[in-house]
Structures are given as C-alpha cells and as structure tokens.
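K.L.:
The following file, model08.cif, comprises mmCIF, C-alpha atoms:
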```cif
data_model
#
loop_
_atom_site.label_atom_id
_atom_site.label_comp_id
_atom_site.auth_asym_id
_atom_site.auth_seq_id
_atom_site.Cartn_x
_atom_site.Cartn_y
_atom_site.Cartn_z
CA MET K 1 -52.22 92.67 33.84
CA ALA K 2 -52.28 96.40 33.13
CA LYS K 3 -51.28 98.70 35.96
CA ARG K 4 -53.91 100.92 37.52
CA ASP K 5 -53.66 104.69 37.45
CA TYR K 6 -51.49 105.80 40.38
CA TYR K 7 -53.90 108.58 41.34
CA GLU K 8 -56.73 106.05 41.39
CA VAL K 9 -54.67 103.70 43.58
CA LEU K 10 -54.21 106.37 46.27
CA GLY K 11 -57.62 107.95 45.71
CA VAL K 12 -56.29 111.46 45.12
CA SER K 13 -56.60 114.07 42.37
CA LYS K 14 -53.76 115.10 40.06
CA ASP K 15 -53.31 118.40 41.90
CA ALA K 16 -53.01 116.75 45.33
CA SER K 17 -50.41 118.36 47.59
CA PRO K 18 -47.48 116.39 49.07
CA ASP K 19 -49.25 116.30 52.44
CA GLU K 20 -52.41 114.93 50.82
CA LEU K 21 -50.38 112.26 49.01
CA LYS K 22 -48.66 111.25 52.22
CA LYS K 23 -51.95 111.12 54.14
CA ALA K 24 -53.56 108.99 51.43
CA TYR K 25 -50.61 106.59 51.38
CA ARG K 26 -50.62 106.29 55.19
CA LYS K 27 -54.28 105.33 55.01
CA MET K 28 -53.67 102.65 52.37
CA ALA K 29 -50.59 101.30 54.16
CA LEU K 30 -52.54 100.94 57.39
CA LYS K 31 -55.46 99.20 55.65
CA TYR K 32 -53.41 96.66 53.69
CA HIS K 33 -50.41 96.16 55.97
CA PRO K 34 -49.31 92.47 55.83
CA ASP K 35 -49.30 92.09 59.61
CA ARG K 36 -52.89 93.26 59.71
CA ASN K 37 -53.86 90.90 56.88
CA PRO K 38 -51.78 87.74 57.51
CA GLY K 39 -51.77 85.34 54.58
CA ASP K 40 -53.86 87.66 52.40
CA LYS K 41 -52.03 87.83 49.05
CA ASP K 42 -54.49 90.36 47.65
CA ALA K 43 -53.86 92.74 50.55
CA GLU K 44 -50.11 92.29 50.12
CA GLU K 45 -50.33 93.21 46.43
CA LYS K 46 -52.43 96.28 47.25
CA PHE K 47 -49.84 97.23 49.87
CA LYS K 48 -47.07 97.03 47.23
CA GLU K 49 -49.26 98.84 44.68
CA ALA K 50 -49.80 101.74 47.09
CA ALA K 51 -46.05 101.95 47.79
CA GLU K 52 -45.31 102.01 44.06
CA ALA K 53 -47.88 104.76 43.45
CA TYR K 54 -46.55 106.89 46.31
CA ASP K 55 -42.94 106.35 45.21
CA VAL K 56 -43.79 107.87 41.82
CA LEU K 57 -46.21 110.64 42.82
CA SER K 58 -44.06 111.87 45.72
CA ASN K 59 -41.04 112.24 43.43
CA PRO K 60 -41.29 115.45 41.31
CA ASP K 61 -39.26 114.04 38.39
CA LYS K 62 -41.11 110.73 38.23
CA LYS K 63 -44.47 112.46 38.69
CA ALA K 64 -43.77 114.84 35.79
CA ARG K 65 -42.85 111.95 33.48
CA TYR K 66 -45.87 109.95 34.60
CA ASP K 67 -48.26 112.90 34.08
CA GLN K 68 -46.91 113.40 30.54
CA PHE K 69 -46.34 109.85 29.32
CA GLY K 70 -48.19 107.56 31.74
CA HIS K 71 -46.64 104.24 32.79
CA ALA K 72 -44.62 104.09 29.54
CA GLY K 73 -42.70 107.19 30.61
CA LEU K 74 -41.31 105.25 33.56
CA ASP K 75 -40.26 102.25 31.44
CA GLY K 76 -42.00 99.97 33.87
CA GLN K 77 -39.48 100.94 36.55
CA GLY K 78 -41.17 103.95 38.07
CA GLY K 79 -42.04 102.42 41.40
CA PHE K 80 -41.29 99.20 43.25
CA GLY K 81 -43.79 96.70 41.86
CA ALA K 82 -43.09 93.13 40.89
CA GLY K 83 -39.41 92.49 40.49
CA GLY K 84 -38.59 95.65 42.39
CA MET K 85 -38.03 96.16 46.10
CA ASN K 86 -39.28 93.62 48.60
CA MET K 87 -41.29 94.33 51.73
CA ASP K 88 -38.27 95.22 53.82
CA ASP K 89 -37.13 97.68 51.17
CA ILE K 90 -40.52 99.36 51.21
CA PHE K 91 -40.41 99.78 54.97
CA THR K 92 -36.88 101.14 54.75
CA HIS K 93 -37.63 103.49 51.86
CA PHE K 94 -40.62 105.02 53.64
CA GLY K 95 -39.25 104.78 57.15
CA ASP K 96 -40.33 108.32 58.03
CA ILE K 97 -43.94 107.43 57.29
CA PHE K 98 -43.97 104.04 59.00
CA GLY K 99 -42.11 105.49 61.94
CA ASP K 100 -45.19 107.29 63.22
CA ILE K 101 -47.70 104.68 62.01
CA PHE K 102 -46.11 101.50 63.24
CA GLY K 103 -43.81 102.78 65.92
CA GLY K 104 -40.69 102.48 63.82
CA GLY K 105 -40.96 98.79 62.99
CA ARG K 106 -42.46 96.68 60.31
CA GLY K 107 -44.75 94.59 62.41
CA PHE K 108 -47.75 95.66 64.44
CA GLY K 109 -46.77 93.29 67.24
CA GLY K 110 -50.39 92.84 68.25
CA PHE K 111 -50.87 96.49 67.27
CA SER K 112 -48.53 97.51 70.06
CA GLY K 113 -46.42 99.26 67.45
CA PHE K 114 -48.70 102.27 67.70
CA GLY K 115 -47.42 102.92 71.17
CA GLY K 116 -43.78 102.87 70.13
CA GLY K 117 -43.24 99.26 71.23
CA GLY K 118 -42.34 98.02 67.76
CA GLN K 119 -38.91 96.60 67.12
CA ARG K 120 -36.38 99.17 65.94
CA ARG K 121 -35.26 98.60 62.36
CA ARG K 122 -31.64 98.77 61.32
CA PRO K 123 -30.95 101.56 58.81
CA VAL K 124 -30.27 100.31 55.32
CA MET K 125 -27.74 102.08 53.12
CA ARG K 126 -28.76 103.03 49.59
CA GLY K 127 -26.48 103.26 46.60
CA SER K 128 -26.34 106.43 44.54
CA ASN K 129 -28.18 106.86 41.24
CA LEU K 130 -26.33 106.88 37.92
CA ARG K 131 -27.19 108.97 34.87
CA ILE K 132 -26.28 108.07 31.31
CA LYS K 133 -27.24 109.28 27.82
CA VAL K 134 -28.46 107.01 25.05
CA LYS K 135 -28.40 108.28 21.46
CA LEU K 136 -31.27 107.06 19.29
CA THR K 137 -32.11 107.38 15.62
CA LEU K 138 -35.65 107.99 14.41
CA GLU K 139 -35.68 104.43 13.04
CA GLU K 140 -34.92 103.08 16.53
CA ILE K 141 -37.53 105.35 18.09
CA ASP K 142 -40.09 104.24 15.51
CA LYS K 143 -39.96 100.59 16.53
CA GLY K 144 -38.42 100.67 19.99
CA CYS K 145 -35.12 98.93 20.56
CA GLU K 146 -32.84 97.17 22.98
CA LYS K 147 -29.54 98.80 23.90
CA LYS K 148 -26.64 97.15 25.69
CA ILE K 149 -24.62 99.79 27.53
CA LYS K 150 -21.31 99.31 29.32
CA VAL K 151 -21.50 101.18 32.62
CA ASN K 152 -18.64 101.86 35.02
CA LYS K 153 -20.11 101.69 38.50
CA TYR K 154 -19.88 100.24 42.00
CA VAL K 155 -20.81 96.56 42.23
CA PRO K 156 -20.90 94.16 45.22
CA CYS K 157 -17.48 92.76 46.09
CA LYS K 158 -17.29 89.11 44.96
CA THR K 159 -14.74 88.19 47.62
CA CYS K 160 -16.97 89.00 50.59
CA GLY K 161 -20.33 88.86 48.82
CA GLY K 162 -20.88 92.56 49.48
CA SER K 163 -20.75 92.28 53.27
CA GLY K 164 -17.36 93.97 53.65
CA ALA K 165 -16.37 91.40 56.28
CA ARG K 166 -13.70 88.79 55.71
CA GLY K 167 -15.30 85.43 56.34
CA ASN K 168 -18.57 87.31 56.95
CA VAL K 169 -17.66 87.66 60.63
CA TYR K 170 -19.04 90.56 62.70
CA GLU K 171 -18.94 91.52 66.34
CA THR K 172 -21.20 93.62 68.53
CA CYS K 173 -20.40 97.31 68.42
CA PRO K 174 -18.71 98.17 71.74
CA HIS K 175 -19.97 101.77 71.64
CA CYS K 176 -23.71 101.15 71.36
CA HIS K 177 -23.65 97.53 72.61
CA GLY K 178 -25.62 96.36 69.59
CA SER K 179 -28.48 98.85 69.85
CA GLY K 180 -27.36 100.96 66.87
CA THR K 181 -28.04 104.16 68.82
CA VAL K 182 -26.20 106.21 71.39
CA ILE K 183 -27.78 108.32 74.12
CA GLU K 184 -26.27 111.60 75.19
CA VAL K 185 -27.28 113.46 78.36
CA LYS K 186 -26.64 117.19 78.65
CA ARG K 187 -27.18 119.54 81.54
CA THR K 188 -29.14 122.68 80.69
CA ILE K 189 -30.79 125.43 82.67
CA LEU K 190 -34.01 123.44 82.34
CA GLY K 191 -32.43 120.31 83.76
CA GLN K 192 -31.01 117.26 82.07
CA MET K 193 -31.76 116.81 78.37
CA GLN K 194 -31.47 113.37 76.80
CA THR K 195 -30.94 112.88 73.05
CA GLN K 196 -30.74 109.69 71.01
CA SER K 197 -28.85 109.46 67.73
CA VAL K 198 -27.45 106.87 65.33
CA CYS K 199 -24.21 105.35 66.54
CA PRO K 200 -21.42 106.95 64.47
CA HIS K 201 -19.15 103.93 64.88
CA CYS K 202 -21.41 101.27 63.35
CA GLY K 203 -23.76 103.51 61.37
CA GLY K 204 -26.77 102.23 63.30
CA GLN K 205 -26.12 98.58 62.39
CA GLY K 206 -25.27 97.49 65.93
CA GLN K 207 -22.39 95.44 64.54
CA ILE K 208 -18.91 96.17 63.27
CA ILE K 209 -16.67 94.16 61.01
CA LYS K 210 -14.19 92.06 62.90
CA ASP K 211 -11.82 91.61 59.95
CA LYS K 212 -12.25 93.81 56.84
CA CYS K 213 -12.24 92.29 53.39
CA ARG K 214 -8.92 93.16 51.77
CA ASP K 215 -10.35 93.60 48.27
CA CYS K 216 -12.96 96.22 49.18
CA ASN K 217 -11.44 97.46 52.47
CA GLY K 218 -14.65 96.68 54.34
CA GLU K 219 -16.96 98.70 52.08
CA GLY K 220 -18.52 95.71 50.36
CA ILE K 221 -18.35 97.41 46.94
CA VAL K 222 -15.71 97.76 44.23
CA ARG K 223 -15.45 99.59 40.90
CA SER K 224 -16.22 97.49 37.86
CA GLU K 225 -17.85 97.56 34.42
CA GLU K 226 -21.24 96.01 33.85
CA ILE K 227 -23.21 95.46 30.65
CA ILE K 228 -26.78 96.66 31.21
CA THR K 229 -29.62 95.93 28.80
CA ILE K 230 -32.03 98.83 28.32
CA ASN K 231 -35.38 98.31 26.61
CA ILE K 232 -36.34 101.56 24.88
CA PRO K 233 -40.10 101.86 24.24
CA ALA K 234 -41.27 103.07 20.84
CA GLY K 235 -42.14 106.76 20.54
CA VAL K 236 -39.77 108.20 23.15
CA GLN K 237 -38.77 111.83 22.76
CA ASP K 238 -35.56 113.80 23.08
CA GLY K 239 -34.95 114.73 26.73
CA MET K 240 -37.19 112.00 28.11
CA GLN K 241 -35.81 110.06 31.09
CA LEU K 242 -36.20 106.35 31.74
CA SER K 243 -35.58 104.91 35.19
CA LEU K 244 -34.20 101.40 35.76
CA SER K 245 -34.71 100.47 39.39
CA GLY K 246 -31.74 98.87 41.14
CA LYS K 247 -29.33 99.29 38.19
CA GLY K 248 -27.35 102.16 39.72
CA ASN K 249 -24.41 101.98 42.13
CA ALA K 250 -24.41 99.14 44.62
CA ALA K 251 -24.73 100.20 48.25
CA PRO K 252 -22.08 99.51 50.87
CA ARG K 253 -22.44 96.31 52.89
CA GLY K 254 -25.43 94.79 51.17
CA GLY K 255 -27.68 97.84 51.07
CA VAL K 256 -30.23 98.78 48.42
CA PRO K 257 -28.71 99.66 45.01
CA GLY K 258 -29.52 102.98 43.40
CA ASP K 259 -31.32 103.52 40.10
CA LEU K 260 -30.00 104.05 36.59
CA ILE K 261 -31.47 107.16 34.95
CA VAL K 262 -31.35 106.98 31.15
CA LEU K 263 -31.59 110.30 29.25
CA VAL K 264 -32.84 109.95 25.68
CA GLU K 265 -30.88 111.94 23.11
CA GLU K 266 -32.49 111.97 19.66
CA GLN K 267 -30.12 112.22 16.71
CA ALA K 268 -30.91 114.57 13.84
CA HIS K 269 -32.24 112.82 10.72
CA ASP K 270 -31.05 113.51 7.19
CA LEU K 271 -34.58 113.57 5.72
CA PHE K 272 -37.14 114.20 8.42
CA ASP K 273 -37.88 116.82 11.04
CA ARG K 274 -39.93 115.82 14.07
CA GLN K 275 -42.66 117.54 16.05
CA GLU K 276 -43.96 115.19 18.74
CA ALA K 277 -45.39 112.18 16.84
CA ASN K 278 -45.54 113.93 13.43
CA LEU K 279 -42.75 113.93 10.85
CA TYR K 280 -42.08 116.62 8.23
CA TYR K 281 -40.47 116.05 4.86
CA ASN K 282 -39.48 118.55 2.14
CA LEU K 283 -40.35 117.19 -1.31
CA PHE K 284 -38.80 118.95 -4.30
CA VAL K 285 -40.64 118.57 -7.63
CA THR K 286 -40.04 120.00 -11.08
CA PHE K 287 -42.15 122.84 -12.44
CA SER K 288 -43.68 120.50 -15.02
CA THR K 289 -44.72 117.98 -12.33
CA ALA K 290 -46.30 120.74 -10.23
CA ALA K 291 -48.12 122.16 -13.28
CA LEU K 292 -49.17 118.91 -14.98
CA GLY K 293 -49.38 116.58 -11.97
CA GLY K 294 -47.88 113.15 -11.61
CA SER K 295 -46.78 110.41 -9.22
CA VAL K 296 -43.72 110.81 -7.01
CA GLU K 297 -41.98 108.28 -4.75
CA ILE K 298 -41.06 109.54 -1.28
CA PRO K 299 -39.28 107.87 1.69
CA THR K 300 -40.82 106.99 5.05
CA LEU K 301 -39.30 105.34 8.11
CA ASN K 302 -40.68 102.02 6.85
CA GLY K 303 -39.86 102.10 3.13
CA LYS K 304 -40.89 104.17 0.14
CA VAL K 305 -44.45 105.09 -0.88
CA LYS K 306 -45.93 106.79 -3.93
CA VAL K 307 -47.93 109.99 -3.63
CA LYS K 308 -50.05 111.70 -6.27
CA ILE K 309 -49.25 115.29 -7.18
CA ASP K 310 -52.36 117.04 -8.51
CA ALA K 311 -52.06 119.28 -11.55
CA GLY K 312 -51.55 122.90 -10.53
CA THR K 313 -50.03 122.08 -7.15
CA PRO K 314 -48.42 125.27 -5.74
CA SER K 315 -45.11 125.38 -3.92
CA GLY K 316 -45.74 125.19 -0.18
CA LYS K 317 -48.75 122.87 -0.35
CA VAL K 318 -48.67 120.17 2.34
CA LEU K 319 -49.77 116.59 1.82
CA ARG K 320 -50.71 114.60 4.93
CA LEU K 321 -49.95 110.87 4.99
CA ARG K 322 -51.88 109.60 7.98
CA GLY K 323 -50.24 107.02 10.22
CA LYS K 324 -46.82 107.39 8.58
CA GLY K 325 -45.30 109.28 11.51
CA LEU K 326 -44.02 107.98 14.85
CA PRO K 327 -45.98 105.91 17.38
CA SER K 328 -47.27 107.59 20.54
CA VAL K 329 -45.21 106.67 23.60
CA ASN K 330 -48.51 105.96 25.38
CA GLY K 331 -49.57 103.54 22.65
CA TYR K 332 -52.39 105.71 21.28
CA GLY K 333 -51.90 105.34 17.52
CA ARG K 334 -49.31 106.97 15.27
CA GLY K 335 -48.58 110.47 14.05
CA ASP K 336 -48.65 111.63 10.43
CA LEU K 337 -46.04 112.36 7.77
CA LEU K 338 -46.49 115.91 6.46
CA VAL K 339 -44.98 116.41 3.01
CA CYS K 340 -44.26 120.03 2.02
CA ILE K 341 -44.17 120.53 -1.76
CA ASN K 342 -41.33 122.69 -3.05
CA VAL K 343 -41.14 123.55 -6.75
CA TRP K 344 -37.53 123.23 -7.84
CA VAL K 345 -36.20 126.25 -9.72
CA PRO K 346 -33.09 125.53 -11.82
CA LYS K 347 -30.15 127.92 -11.46
CA SER K 348 -29.00 127.81 -15.08
CA LEU K 349 -31.03 127.53 -18.30
CA SER K 350 -30.23 127.07 -21.95
CA ARG K 351 -31.24 129.74 -24.49
CA GLU K 352 -34.14 127.61 -25.70
CA GLU K 353 -35.37 127.00 -22.13
CA LYS K 354 -35.23 130.72 -21.38
CA THR K 355 -37.23 131.54 -24.53
CA LEU K 356 -39.85 128.92 -23.65
CA LEU K 357 -40.23 130.19 -20.09
CA GLU K 358 -40.51 133.78 -21.27
CA GLN K 359 -43.35 132.74 -23.54
CA LEU K 360 -45.05 130.90 -20.67
CA GLY K 361 -44.54 133.88 -18.33
CA ALA K 362 -46.41 136.13 -20.75
CA SER K 363 -49.53 133.99 -20.38
CA PRO K 364 -52.15 135.21 -17.82
CA ASN K 365 -52.34 131.67 -16.44
CA PHE K 366 -48.72 131.94 -15.26
CA GLN K 367 -49.06 135.27 -13.42
CA PRO K 368 -48.77 134.78 -9.60
CA ASN K 369 -51.97 135.74 -7.83
CA PRO K 370 -52.18 133.93 -4.47
CA THR K 371 -55.12 134.52 -2.17
CA ARG K 372 -54.70 136.04 1.30
CA GLN K 373 -55.26 132.61 2.84
CA GLU K 374 -52.52 131.09 0.64
CA ARG K 375 -50.10 133.88 1.54
CA GLY K 376 -50.64 133.32 5.25
CA PHE K 377 -50.20 129.56 4.85
CA PHE K 378 -46.94 129.95 2.94
CA ASP K 379 -45.55 132.26 5.63
CA LYS K 380 -46.30 129.67 8.32
CA MET K 381 -44.63 126.89 6.37
CA LYS K 382 -41.59 129.09 5.73
CA ASP K 383 -41.21 129.66 9.48
CA LEU K 384 -41.61 125.94 10.16
CA PHE K 385 -38.86 124.75 7.81
CA ASN K 386 -36.38 127.60 8.37
#
```
The structure in this file should be written as structure tokens.
P.N.:
Amino acid sequence: MAKRDYYEVLGVSKDASPDELKKAYRKMALKYHPDRNPGDKDAEEKFKEAAEAYDVLSNPDKKARYDQFGHAGLDGQGGFGAGGMNMDDIFTHFGDIFGDIFGGGRGFGGFSGFGGGGQRRRPVMRGSNLRIKVKLTLEEIDKGCEKKIKVNKYVPCKTCGGSGARGNVYETCPHCHGSGTVIEVKRTILGQMQTQSVCPHCGGQGQIIKDKCRDCNGEGIVRSEEIITINIPAGVQDGMQLSLSGKGNAAPRGGVPGDLIVLVEEQAHDLFDRQEANLYYNLFVTFSTAALGGSVEIPTLNGKVKVKIDAGTPSGKVLRLRGKGLPSVNGYGRGDLLVCINVWVPKSLSREEKTLLEQLGASPNFQPNPTRQERGFFDKMKDLFN
C-alpha cells in the first residue's frame, strides 16, 4: 500500500511553521492514541502514520529530501512506520510533546494523565547516527542496486545481551530509591525552592548494575564490524542522502539504535555527462558523414543504438533520444539522451586531400554563413560541454 503524503497526514501546508507542525501532530496523537481507542487497529496505524509524518517534517534534513524527492528520497526509512520503532519508541522519541499531553506517560490512565497523574517513563538512551559514502556508477544509478557495506560501529554486547549487567542482575539505585529523579531544595530570598532532575547516578533508570559485564564494562555495547545491505533506488543523484533507521550505533544498555546516513557519491563516466535525469553525449562524425548523411551507432547505458545523421548536419546540432536517459527518482518516467554532433577535423592531410578540400572550399555551398539563431545555439552548447 502506497504511503500517503506526509503533509496530508498532518493536515498542514508545505510552508507550515515548526509550531504549526507540532500543534497538528498533537491533535492527531490525541485523536488516535491507543489508550483512547483500545483494540482499534486502524487508529493505531493512524497514530504511527502521524508519528512518521512528524518525524520527517520536523527534521530539516529529512524534510528537504522529502520535498525534493518524495518518499523515494528517504529510501523508505524516513520515519518510523512498519518495521521501524514500536509504540514505546514513539513515546520516547516525542517525549517533550507527550509530556504535556499525557502527563509524561504513555497511557491516559482513565484520562487522568492530563492532570499529571500518568506514570513517569524511564528515559531511553539513543545511539548516535553514522554517516558513510557510497560510490555509484551511472549504470548502477540507472537500474538501482544493492550494496553490501562493512561498517565499523557499536553493536550490542553478546555476553550480556546489551544490558551491561553480568547475569542481567540489577539493584535499586540507592540515591533516588528507584524513582530515577532526585529532588534538591534550596533556600532563597523568596523562600525554599524545590527542583527535580534526573538522577546522575542511574541516568534516570532507577536501577544500577550490581555486577558489570566484563566484556563491555557495563556499557552494553562493544566495537565490531557489521555487513549492512543498502538498497539504492534507481535515479538517485550525487549528494543525495538515504537514511536507514536503526542501522547506526547501538545505544548503551538496550536503548534505541541510531540511524545510518548514506551519502551518494556519483562517479564520473567516460562517455556521458549528467544533468538531472538527462544524459549528454559528444558524437564525432566525419565531414563526409555530416555533409552526405548516414547512420551512426552510439552507446547508451543499455546497449548501442543507431541514429540517422541527415545530410547537411552542422557541427553543434543536438539529437534528442527520448527515454534513453536516467529514471526519475520519484518514478515519473525517464530522462533523454542528448547527442551533440561534432564534425571531426583531421590534423594532417595528404597533398591530394588538401587539393580536394581547397577545391571544395572555393564553392559557394561550402562558405560558412550561420544564422543568428544558429550562432546563439552553438555558443550555448560550447558552454555546456566546456
């Protein structure tokens, strides 16, 4: 099933401000919250859909890629969606928003969450993002491809399963007594001031490791190499970024892994120049072919094709082969192959060839007399290929 437009999901325009986006998402989250619609799978999917849309549109980088390339620009990994984060991850990721809607907890608790009575959620650590470059040829971009990349990154410790605790044994934090927060009271000229903050000893978890895992020293993550498969969609462009959710560094102690950001680097081609979905090719023909016409075989990304050269074809004329360029990354057809005709002038001639050309040059038919329109066109083509 095709994904809906993210702006349509949240009911906002493309120039909506961050505050408008946040307000629209709050409205959708409140309407389709699972605790308000128990057992309603459709409401749950709409809740996830709204989170995915907000995740993309509230992120400047993801929003820019989405505005330019649509869903294809995110490689299917732009937001949470199916196969992405679960419900708990959504609540954690947008904790600042749910904090003032649901009182800091996931559940409504009979809608008592609005009054701050909701259960306090433990903070979840998030792994850092990774960035890598992938070099692609025009042939790979033409059809799309699958790349297997070896990435050095943090992965969950196999010994402790990522918990950081030997034997998976924890004990209640003695500093916050399991609450995950500490309260500090200060005396001021206005009286006593009370502040609440995350417990620095347990990081807000309410528990500490009784015996640290020796392999990861209690962090739950270790350095290792992992082979990651990246599906590159057809038509990507140099500088485009693809985001693979959850393929970045693992987070300490079972947290949410970061993302893998893939930067596309397009390699120069020996035959073709690229401008968006169109390809440009310089075809060199002999003077006799340009004057008399003929059939010439030229390369494309998908084999060779024959093109007809009309008699009297001038140097600089462009032939357009429709649909022989690159596919659009959004799936809207293909670009064209533009063939620029260049008449090849030999550097050395025999005496007989020189005599023949001198005789031809004396003919009025061989005197150059381009129109103003032709002159302007040749100048543009010269700038394009230089």
K.L.:
Go through K:Lys46, K:Arg214, K:Arg351, K:Lys304 and flag the residue nearest Leu10 of chain K, using all atoms listed in the file for the distances.
P.N.:
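Smallest separation from Leu10 of chain K among the options: K:Lys46.
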K.L.:
Please indicate the distance in Å from atom CA of Gly70 of chain K to atom CA of Val151 of chain K, rounded to one decimal place.
P.N.:
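We find that atom CA of Gly70 of chain K and atom CA of Val151 of chain K lie 27.5 Å from each other.
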K.L.:
Please provide as a list in words all residues within 7 Å of segment 11-28 of chain K, with the sequence filter that same-chain residues fewer than 6 positions apart are discarded (counting all atoms listed in the file).
P.N.:
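So, after excluding close chain neighbours, the residues are Ala50, Tyr54 and Ser58 of chain K.
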K.L.:
On this structure, which residues satisfy the PyMOL selection byres ((chain K and resi 238) around 8), written as a PyMOL selection string?
P.N.:
chain K and resi 236-237+239-240+264-266
K.L.:
Between atom CA of Phe47 of chain K and atom CA of Pro156 of chain K, measure the distance and give it in Å to one decimal.
P.N.:
29.5 Å
K.L.:
Distance cut-off 12 Å, centre (-40.9, 106.2, -0.5) in file coordinates, counting only C-alpha atoms: which residues qualify? Return them as a compact mmCIF listing (two decimals) with C-alpha atoms, keeping the file's coordinate frame.
P.N.:
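This is the output file out-v7.txt:
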```txt
# COMPACT_ATOMS: atom_id res chain seq x y z
CA LEU K 271 -34.58 113.57 5.72
CA TYR K 281 -40.47 116.05 4.86
CA LEU K 283 -40.35 117.19 -1.31
CA SER K 295 -46.78 110.41 -9.22
CA VAL K 296 -43.72 110.81 -7.01
CA GLU K 297 -41.98 108.28 -4.75
CA ILE K 298 -41.06 109.54 -1.28
CA PRO K 299 -39.28 107.87 1.69
CA THR K 300 -40.82 106.99 5.05
CA LEU K 301 -39.30 105.34 8.11
CA ASN K 302 -40.68 102.02 6.85
CA GLY K 303 -39.86 102.10 3.13
CA LYS K 304 -40.89 104.17 0.14
CA VAL K 305 -44.45 105.09 -0.88
CA LYS K 306 -45.93 106.79 -3.93
CA VAL K 307 -47.93 109.99 -3.63
CA LEU K 321 -49.95 110.87 4.99
CA LYS K 324 -46.82 107.39 8.58
CA LEU K 337 -46.04 112.36 7.77
CA VAL K 339 -44.98 116.41 3.01
```
K.L.:
For the structure shown, which residues end up in the PyMOL selection byres ((chain K and resi 130) around 10)? Put them as a PyMOL selection string, please?
P.N.:
chain K and resi 127-129+131-132+151-153+243-244+247-249+258-262
K.L.:
Excluding same-chain residues fewer than 3 positions from Asn330 of chain K, what lies within 12 Å of it counting only C-alpha atoms, as a ChimeraX atom specification?
P.N.:
/K:65-75,233-237,277,326-327,333-334
K.L.:
Suppose you want the space between atom CA of Lys212 of chain K and atom CA of Tyr170 of chain K; what is it in Å?
P.N.:
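For atom CA of Lys212 of chain K relative to atom CA of Tyr170 of chain K, the distance reads 9.5 Å.
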K.L.:
Could you give me, as a ChimeraX atom specification, the residues that sit within 12 Å of (-37.4, 118.3, -13.2) in the file's coordinates, counting only C-alpha atoms?
P.N.:
/K:284-292,294,296,342-346
K.L.:
For each of K:Lys317, K:Arg126, K:Arg322, K:Lys148, take the minimum atom-to-atom distance to Pro257 of chain K, counting all atoms listed in the file, then give the residue where this is smallest.
P.N.:
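Checking each candidate against Pro257 of chain K, we get K:Arg126 as the closest.
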K.L.:
Pick from K:Val155, K:Cys173, K:Ala51, K:Leu30: nearest to Cys216 of chain K, with all atoms listed in the file counted?
P.N.:
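Of all the options, K:Val155 lies closest to Cys216 of chain K.
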K.L.:
Between K:Glu146, K:Asp336, K:Lys41, K:Pro314, which has the minimum distance to Tyr280 of chain K (counting only C-alpha atoms)?
P.N.:
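Of K:Glu146, K:Asp336, K:Lys41, K:Pro314, the one nearest Tyr280 of chain K, counting only C-alpha atoms, is K:Asp336.
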K.L.:
Could you tell me which of K:Asp142, K:Gly335, K:Ile209, K:Tyr154 comes closest to Gly246 of chain K if we count only C-alpha atoms?
P.N.:
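Checking each candidate against Gly246 of chain K, we get K:Tyr154 as the closest.
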K.L.:
Which one of K:Lys63, K:Ala53, K:Leu138, K:Tyr32 sits closest to Gln267 of chain K if you count all atoms listed in the file?
P.N.:
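Checking each of K:Lys63, K:Ala53, K:Leu138, K:Tyr32 against Gln267 of chain K, counting all atoms listed in the file, the winner is K:Leu138.
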K.L.:
Name the residues that the PyMOL selection byres ((chain K and resi 145) around 10) pulls out of this structure, and write them as a compact mmCIF listing (two decimals) with C-alpha atoms, in the frame of the given file.
P.N.:
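This is the output file selection30.txt:
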```txt
# COMPACT_ATOMS: atom_id res chain seq x y z
CA LEU K 136 -31.27 107.06 19.29
CA GLU K 139 -35.68 104.43 13.04
CA GLU K 140 -34.92 103.08 16.53
CA ILE K 141 -37.53 105.35 18.09
CA ASP K 142 -40.09 104.24 15.51
CA LYS K 143 -39.96 100.59 16.53
CA GLY K 144 -38.42 100.67 19.99
CA GLU K 146 -32.84 97.17 22.98
CA LYS K 147 -29.54 98.80 23.90
CA ILE K 230 -32.03 98.83 28.32
CA ASN K 231 -35.38 98.31 26.61
CA ILE K 232 -36.34 101.56 24.88
CA PRO K 233 -40.10 101.86 24.24
CA ALA K 234 -41.27 103.07 20.84
```
K.L.:
Hey, what's within 10 Å of Asn168 of chain K if we count only C-alpha atoms and toss same-chain stuff fewer than 3 positions away? As a list in words, please?
P.N.:
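That gives Cys160, Gly161, Gly162, Ser163, Gly164, Ala165, Ile209, Lys210, Asp211, Lys212 and Cys213 of chain K.
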